Amino acid sequence: MELDSDPHILLTNDDGIDAPGLRALHDALSAVGEVTVVAPDRNRSAVGRSLSYGRTNASDGGDLSLDLEADSFTSPVPHTDHDLGYAVDGTPCDCAIVGAKGLEPAPDIVVSGCNDGANLGTYVFSRSGTVSAAMEAAFLGTPSIAVSMDTLGHDDALEPADFERAGEITAALVAGAPGTGLFDRVDYLNVNVPGPRAEPDGVAITRPTEVYEMDAAFEDGRFQLTNRLWQQMANRDIPDGEDTDRHAVLEEAVSISPLRVPYDVIDTEPVRTVFDRIL
């Protein structure tokens, strides 16, 4: 899908509409297009591709049982007006859908971010609200960009100025894509920017790392999870190939992964043979 040279940009995130990363992208993107913000009214990190559609009591954290009437497949998505746009009582994917399908004019591109924390590796696609919003837009046929910044080890409160590099990169991508055919070839971009104290070291076109390590234990009557990947990142350990997103970010380069939405079907003769044997 070719982008317009003066694009309508839908901006969302998962950190919430008041997050400094979203404000930074709003200001940067306003210089290259018309920006409409539709974002969660509070932090909705790591909710993945979940939707509020057909669910009750979403705002109070209560019962989330399905409540669909046989003749009704429409659910309200509550919102309040905000100085940036619309603050939605819903998930990042809710925001991507109502922004892409419920507003006029329809956006030419959806940008999700900038996330407080990197979103690296194939495993984050179904977990990160930031990346999920971009994927949702891509499934709906709208080009999109997910933008995140590595903030591991950065303990100070973040301000919009800390996301300046992310804003510059995102604005350059949106402004530069028209006429290139980029989004005829890819569905969405997953962009990860080194932290605010990093010295920028160029841009790397990457693939998402497939390295994934989580650990769990049951101690003193309680379960606990340990994210070994983030532990390795904190130690600046890089168990990934040089062409991967995490390797690039830890080398203080901007990582851009050009992606298509997941649809691979493994339909091979050996797989069919297995099914023939067991079914």
# chains A, B, ... in the order shown; residues from 1 in each chain; ligands from 1

$ select_by_dssp --residues "segment 112-278 of chain A" --states "alpha helix (DSSP H)" --output "PyMOL selection string"
chain A and resi 129-139+164-176+182-185+228-234+245-250+269-278

$ residues_around --residues "Asp245 of chain A" --least-positions-apart "2" --cutoff "7 Å" --atoms "only C-alpha atoms" --output "PyMOL selection string"
chain A and resi 120-121+206-209+243+247-249+255

$ closest_atom_pairs --of "segment 134-200 of chain A" --to "segment 4-26 of chain A" --cutoff "6 Å" --atoms "only C-alpha atoms" --output "CSV"
residue,atom,partner,partner_atom,distance
A:Glu159,CA,A:Pro20,CA,5.5
A:Pro160,CA,A:Pro20,CA,4.6
A:Phe163,CA,A:Gly21,CA,5.9
A:Gly167,CA,A:Leu25,CA,4.9
A:Pro178,CA,A:Ser5,CA,5.6

$ residues_around --residues "Gly195 of chain A" --least-positions-apart "6" --cutoff "10 Å" --atoms "only C-alpha atoms" --output "number ranges by chain"
A: 116-118, 148-154, 162-163, 165-166, 249-250, 252, 254

$ write_last_selection --atoms "all heavy atoms" --output "compact mmCIF listing (two decimals), in the first residue's frame"
# COMPACT_ATOMS: atom_id res chain seq x y z
N ASP A 116 8.25 2.61 26.48
CA ASP A 116 9.26 2.68 27.52
C ASP A 116 9.79 1.27 27.74
O ASP A 116 9.25 0.49 28.52
CB ASP A 116 8.64 3.25 28.81
CG ASP A 116 9.61 3.29 29.98
OD1 ASP A 116 10.75 2.79 29.85
OD2 ASP A 116 9.22 3.81 31.05
N GLY A 117 10.84 0.91 27.00
CA GLY A 117 11.39 -0.43 27.05
C GLY A 117 11.42 -1.04 25.66
O GLY A 117 10.49 -0.86 24.87
N ALA A 118 12.50 -1.75 25.36
CA ALA A 118 12.65 -2.35 24.03
C ALA A 118 11.66 -3.50 23.84
O ALA A 118 11.23 -4.15 24.80
CB ALA A 118 14.08 -2.87 23.86
N SER A 148 9.91 1.45 19.91
CA SER A 148 10.25 1.23 21.31
C SER A 148 11.66 1.73 21.58
O SER A 148 12.49 1.80 20.67
CB SER A 148 10.15 -0.26 21.67
OG SER A 148 8.89 -0.80 21.33
N MET A 149 11.94 2.05 22.85
CA MET A 149 13.27 2.50 23.24
C MET A 149 13.77 1.66 24.40
O MET A 149 13.05 1.42 25.37
CB MET A 149 13.25 3.98 23.64
CG MET A 149 14.64 4.53 23.98
SD MET A 149 14.64 6.33 24.28
CE MET A 149 13.84 6.40 25.89
N ASP A 150 15.01 1.24 24.30
CA ASP A 150 15.65 0.48 25.37
C ASP A 150 15.89 1.38 26.57
O ASP A 150 16.68 2.34 26.49
CB ASP A 150 16.97 -0.10 24.86
CG ASP A 150 17.72 -0.88 25.94
OD1 ASP A 150 17.08 -1.30 26.92
OD2 ASP A 150 18.94 -1.06 25.78
N THR A 151 15.22 1.12 27.68
CA THR A 151 15.39 1.93 28.88
C THR A 151 15.94 1.11 30.05
O THR A 151 15.95 1.58 31.18
CB THR A 151 14.05 2.57 29.30
OG1 THR A 151 13.06 1.53 29.48
CG2 THR A 151 13.57 3.55 28.25
N LEU A 152 16.44 -0.09 29.75
CA LEU A 152 16.98 -0.94 30.81
C LEU A 152 18.19 -0.25 31.44
O LEU A 152 19.13 0.16 30.75
CB LEU A 152 17.39 -2.29 30.23
CG LEU A 152 17.73 -3.39 31.23
CD1 LEU A 152 16.50 -3.74 32.08
CD2 LEU A 152 18.22 -4.63 30.50
N GLY A 153 18.15 -0.07 32.76
CA GLY A 153 19.24 0.60 33.46
C GLY A 153 19.06 2.10 33.57
O GLY A 153 19.86 2.77 34.23
N HIS A 154 18.03 2.63 32.93
CA HIS A 154 17.75 4.07 33.02
C HIS A 154 16.69 4.25 34.10
O HIS A 154 15.50 4.03 33.88
CB HIS A 154 17.25 4.60 31.68
CG HIS A 154 17.07 6.09 31.65
ND1 HIS A 154 18.08 6.94 31.29
CD2 HIS A 154 16.01 6.87 31.96
CE1 HIS A 154 17.65 8.19 31.36
NE2 HIS A 154 16.40 8.16 31.76
N ASP A 162 13.70 12.69 26.21
CA ASP A 162 14.50 11.47 26.19
C ASP A 162 14.19 10.61 24.97
O ASP A 162 14.99 9.75 24.60
CB ASP A 162 14.24 10.66 27.47
CG ASP A 162 14.76 11.36 28.71
OD1 ASP A 162 15.88 11.89 28.66
OD2 ASP A 162 14.03 11.39 29.72
N PHE A 163 13.03 10.83 24.35
CA PHE A 163 12.61 10.04 23.20
C PHE A 163 12.88 10.79 21.88
O PHE A 163 12.31 10.44 20.85
CB PHE A 163 11.12 9.72 23.31
CG PHE A 163 10.77 8.82 24.46
CD1 PHE A 163 10.51 9.35 25.72
CD2 PHE A 163 10.69 7.45 24.29
CE1 PHE A 163 10.17 8.54 26.78
CE2 PHE A 163 10.35 6.62 25.34
CZ PHE A 163 10.10 7.16 26.60
N ARG A 165 15.42 10.90 19.81
CA ARG A 165 15.97 10.08 18.73
C ARG A 165 14.87 9.20 18.13
O ARG A 165 14.78 9.06 16.90
CB ARG A 165 17.11 9.21 19.26
CG ARG A 165 17.75 8.28 18.23
CD ARG A 165 18.41 9.03 17.10
NE ARG A 165 19.17 8.16 16.22
CZ ARG A 165 19.45 8.45 14.95
NH1 ARG A 165 19.02 9.58 14.43
NH2 ARG A 165 20.15 7.62 14.21
N ALA A 166 14.03 8.62 18.97
CA ALA A 166 12.92 7.80 18.47
C ALA A 166 11.99 8.62 17.60
O ALA A 166 11.52 8.16 16.55
CB ALA A 166 12.17 7.19 19.64
N VAL A 249 20.63 -3.33 19.05
CA VAL A 249 20.34 -2.36 20.11
C VAL A 249 21.43 -2.36 21.17
O VAL A 249 21.84 -1.30 21.66
CB VAL A 249 18.96 -2.64 20.73
CG1 VAL A 249 18.74 -1.82 22.00
CG2 VAL A 249 17.86 -2.33 19.72
N LEU A 250 21.93 -3.54 21.52
CA LEU A 250 22.98 -3.59 22.53
C LEU A 250 24.31 -3.04 21.98
O LEU A 250 25.19 -2.67 22.76
CB LEU A 250 23.16 -5.01 23.04
CG LEU A 250 22.00 -5.55 23.88
CD1 LEU A 250 22.32 -6.94 24.43
CD2 LEU A 250 21.66 -4.62 25.03
N GLU A 252 24.15 -0.35 20.33
CA GLU A 252 23.73 1.06 20.29
C GLU A 252 23.42 1.54 18.87
O GLU A 252 23.60 2.71 18.54
CB GLU A 252 24.76 1.97 20.97
CG GLU A 252 24.96 1.61 22.44
CD GLU A 252 25.78 2.63 23.21
OE1 GLU A 252 26.40 3.49 22.58
OE2 GLU A 252 25.75 2.56 24.45
N VAL A 254 20.21 1.73 15.95
CA VAL A 254 18.76 1.65 15.81
C VAL A 254 18.43 0.40 15.00
O VAL A 254 18.99 0.18 13.92
CB VAL A 254 18.20 2.90 15.10
CG1 VAL A 254 16.71 2.75 14.83
CG2 VAL A 254 18.47 4.15 15.92

$ residues_around --residues "Val32 of chain A" --least-positions-apart "2" --cutoff "8 Å" --atoms "only C-alpha atoms" --output "PyMOL selection string"
chain A and resi 6-7+28-30+34+171+174-175

$ atom_distance --atom1 "atom CA of Val111 of chain A" --atom2 "atom CA of Glu136 of chain A"
11.3 Å

$ atom_distance --atom1 "atom CA of Tyr188 of chain A" --atom2 "atom CA of Ile145 of chain A"
5.4 Å

$ residues_around --residues "Ala217 of chain A" --least-positions-apart "5" --cutoff "12 Å" --atoms "only C-alpha atoms" --output "ChimeraX atom specification"
/A:222-227

$ residues_around --residues "Leu51 of chain A" --least-positions-apart "2" --cutoff "8 Å" --atoms "only C-alpha atoms" --output "list of chain:residue names"
A:Arg49, A:Tyr53, A:Gly90, A:Thr91, A:Cys93, A:Asp94

$ select_by_dssp --residues "segment 17-223 of chain A" --states "strand (DSSP E or B)" --output "ChimeraX atom specification"
/A:34-40,55,66,79-82,85-88,109-116,144-149,188-193,203-205,207,214-219,222-223

$ write_last_selection --atoms "C-alpha atoms" --output "PDB file, in the first residue's frame"
ATOM      1  CA  GLU A  34      -1.698  15.150  10.390  1.00  0.00           C
ATOM      2  CA  VAL A  35      -1.693  13.211  13.664  1.00  0.00           C
ATOM      3  CA  THR A  36      -4.709  11.754  15.452  1.00  0.00           C
ATOM      4  CA  VAL A  37      -4.116  10.099  18.818  1.00  0.00           C
ATOM      5  CA  VAL A  38      -6.264   7.186  19.968  1.00  0.00           C
ATOM      6  CA  ALA A  39      -4.539   5.604  22.961  1.00  0.00           C
ATOM      7  CA  PRO A  40      -5.398   3.768  26.182  1.00  0.00           C
ATOM      8  CA  ARG A  55     -16.450  -8.226  27.455  1.00  0.00           C
ATOM      9  CA  LEU A  66     -18.036 -13.021  27.481  1.00  0.00           C
ATOM     10  CA  HIS A  79     -13.444   7.076  25.741  1.00  0.00           C
ATOM     11  CA  THR A  80     -12.887  10.585  27.022  1.00  0.00           C
ATOM     12  CA  ASP A  81     -11.612  13.544  25.080  1.00  0.00           C
ATOM     13  CA  HIS A  82      -7.968  14.440  25.659  1.00  0.00           C
ATOM     14  CA  GLY A  85      -7.108  13.122  20.917  1.00  0.00           C
ATOM     15  CA  TYR A  86      -9.056  10.235  22.412  1.00  0.00           C
ATOM     16  CA  ALA A  87      -8.277   8.453  25.696  1.00  0.00           C
ATOM     17  CA  VAL A  88      -9.803   4.989  25.353  1.00  0.00           C
ATOM     18  CA  ILE A 109      -0.331   4.755   8.546  1.00  0.00           C
ATOM     19  CA  VAL A 110      -0.529   3.691  12.183  1.00  0.00           C
ATOM     20  CA  VAL A 111       2.350   4.390  14.571  1.00  0.00           C
ATOM     21  CA  SER A 112       2.471   2.680  17.967  1.00  0.00           C
ATOM     22  CA  GLY A 113       4.822   3.989  20.651  1.00  0.00           C
ATOM     23  CA  CYS A 114       7.213   5.094  21.715  1.00  0.00           C
ATOM     24  CA  ASN A 115       7.347   2.333  24.277  1.00  0.00           C
ATOM     25  CA  ASP A 116       9.262   2.681  27.525  1.00  0.00           C
ATOM     26  CA  SER A 144       2.216   0.511  10.582  1.00  0.00           C
ATOM     27  CA  ILE A 145       5.311   1.110  12.665  1.00  0.00           C
ATOM     28  CA  ALA A 146       5.936  -0.063  16.227  1.00  0.00           C
ATOM     29  CA  VAL A 147       8.518   2.070  18.034  1.00  0.00           C
ATOM     30  CA  SER A 148      10.246   1.234  21.312  1.00  0.00           C
ATOM     31  CA  MET A 149      13.268   2.502  23.236  1.00  0.00           C
ATOM     32  CA  TYR A 188       4.865  -3.208   9.390  1.00  0.00           C
ATOM     33  CA  LEU A 189       8.170  -2.185  10.921  1.00  0.00           C
ATOM     34  CA  ASN A 190       9.376  -2.997  14.407  1.00  0.00           C
ATOM     35  CA  VAL A 191      11.766  -0.205  15.385  1.00  0.00           C
ATOM     36  CA  ASN A 192      13.908  -0.293  18.520  1.00  0.00           C
ATOM     37  CA  VAL A 193      16.035   2.656  19.553  1.00  0.00           C
ATOM     38  CA  VAL A 203      20.825   2.030  11.711  1.00  0.00           C
ATOM     39  CA  ALA A 204      20.703  -1.739  11.257  1.00  0.00           C
ATOM     40  CA  ILE A 205      18.117  -3.659   9.231  1.00  0.00           C
ATOM     41  CA  ARG A 207      15.558  -9.856  11.937  1.00  0.00           C
ATOM     42  CA  MET A 214      12.211 -17.724  30.756  1.00  0.00           C
ATOM     43  CA  ASP A 215      12.633 -19.530  34.039  1.00  0.00           C
ATOM     44  CA  ALA A 216      10.208 -20.390  36.814  1.00  0.00           C
ATOM     45  CA  ALA A 217      10.403 -21.702  40.353  1.00  0.00           C
ATOM     46  CA  PHE A 218       8.095 -22.674  43.197  1.00  0.00           C
ATOM     47  CA  GLU A 219       9.616 -21.435  46.441  1.00  0.00           C
ATOM     48  CA  ARG A 222       4.789 -19.206  45.682  1.00  0.00           C
ATOM     49  CA  PHE A 223       5.491 -19.289  41.964  1.00  0.00           C
TER      50      PHE A 223
END

$ closest_atom_pairs --of "segment 111-174 of chain A" --to "segment 97-103 of chain A" --cutoff "10 Å" --atoms "only C-alpha atoms" --output "JSON lines"
{"residue": "A:Ala133", "atom": "CA", "partner": "A:Ile97", "partner_atom": "CA", "distance": 8.5}
{"residue": "A:Glu136", "atom": "CA", "partner": "A:Ile97", "partner_atom": "CA", "distance": 7.3}
{"residue": "A:Ala137", "atom": "CA", "partner": "A:Ile97", "partner_atom": "CA", "distance": 7.0}
{"residue": "A:Leu140", "atom": "CA", "partner": "A:Ile97", "partner_atom": "CA", "distance": 8.0}
{"residue": "A:Gly141", "atom": "CA", "partner": "A:Ala100", "partner_atom": "CA", "distance": 9.4}
{"residue": "A:Thr142", "atom": "CA", "partner": "A:Ala100", "partner_atom": "CA", "distance": 7.7}
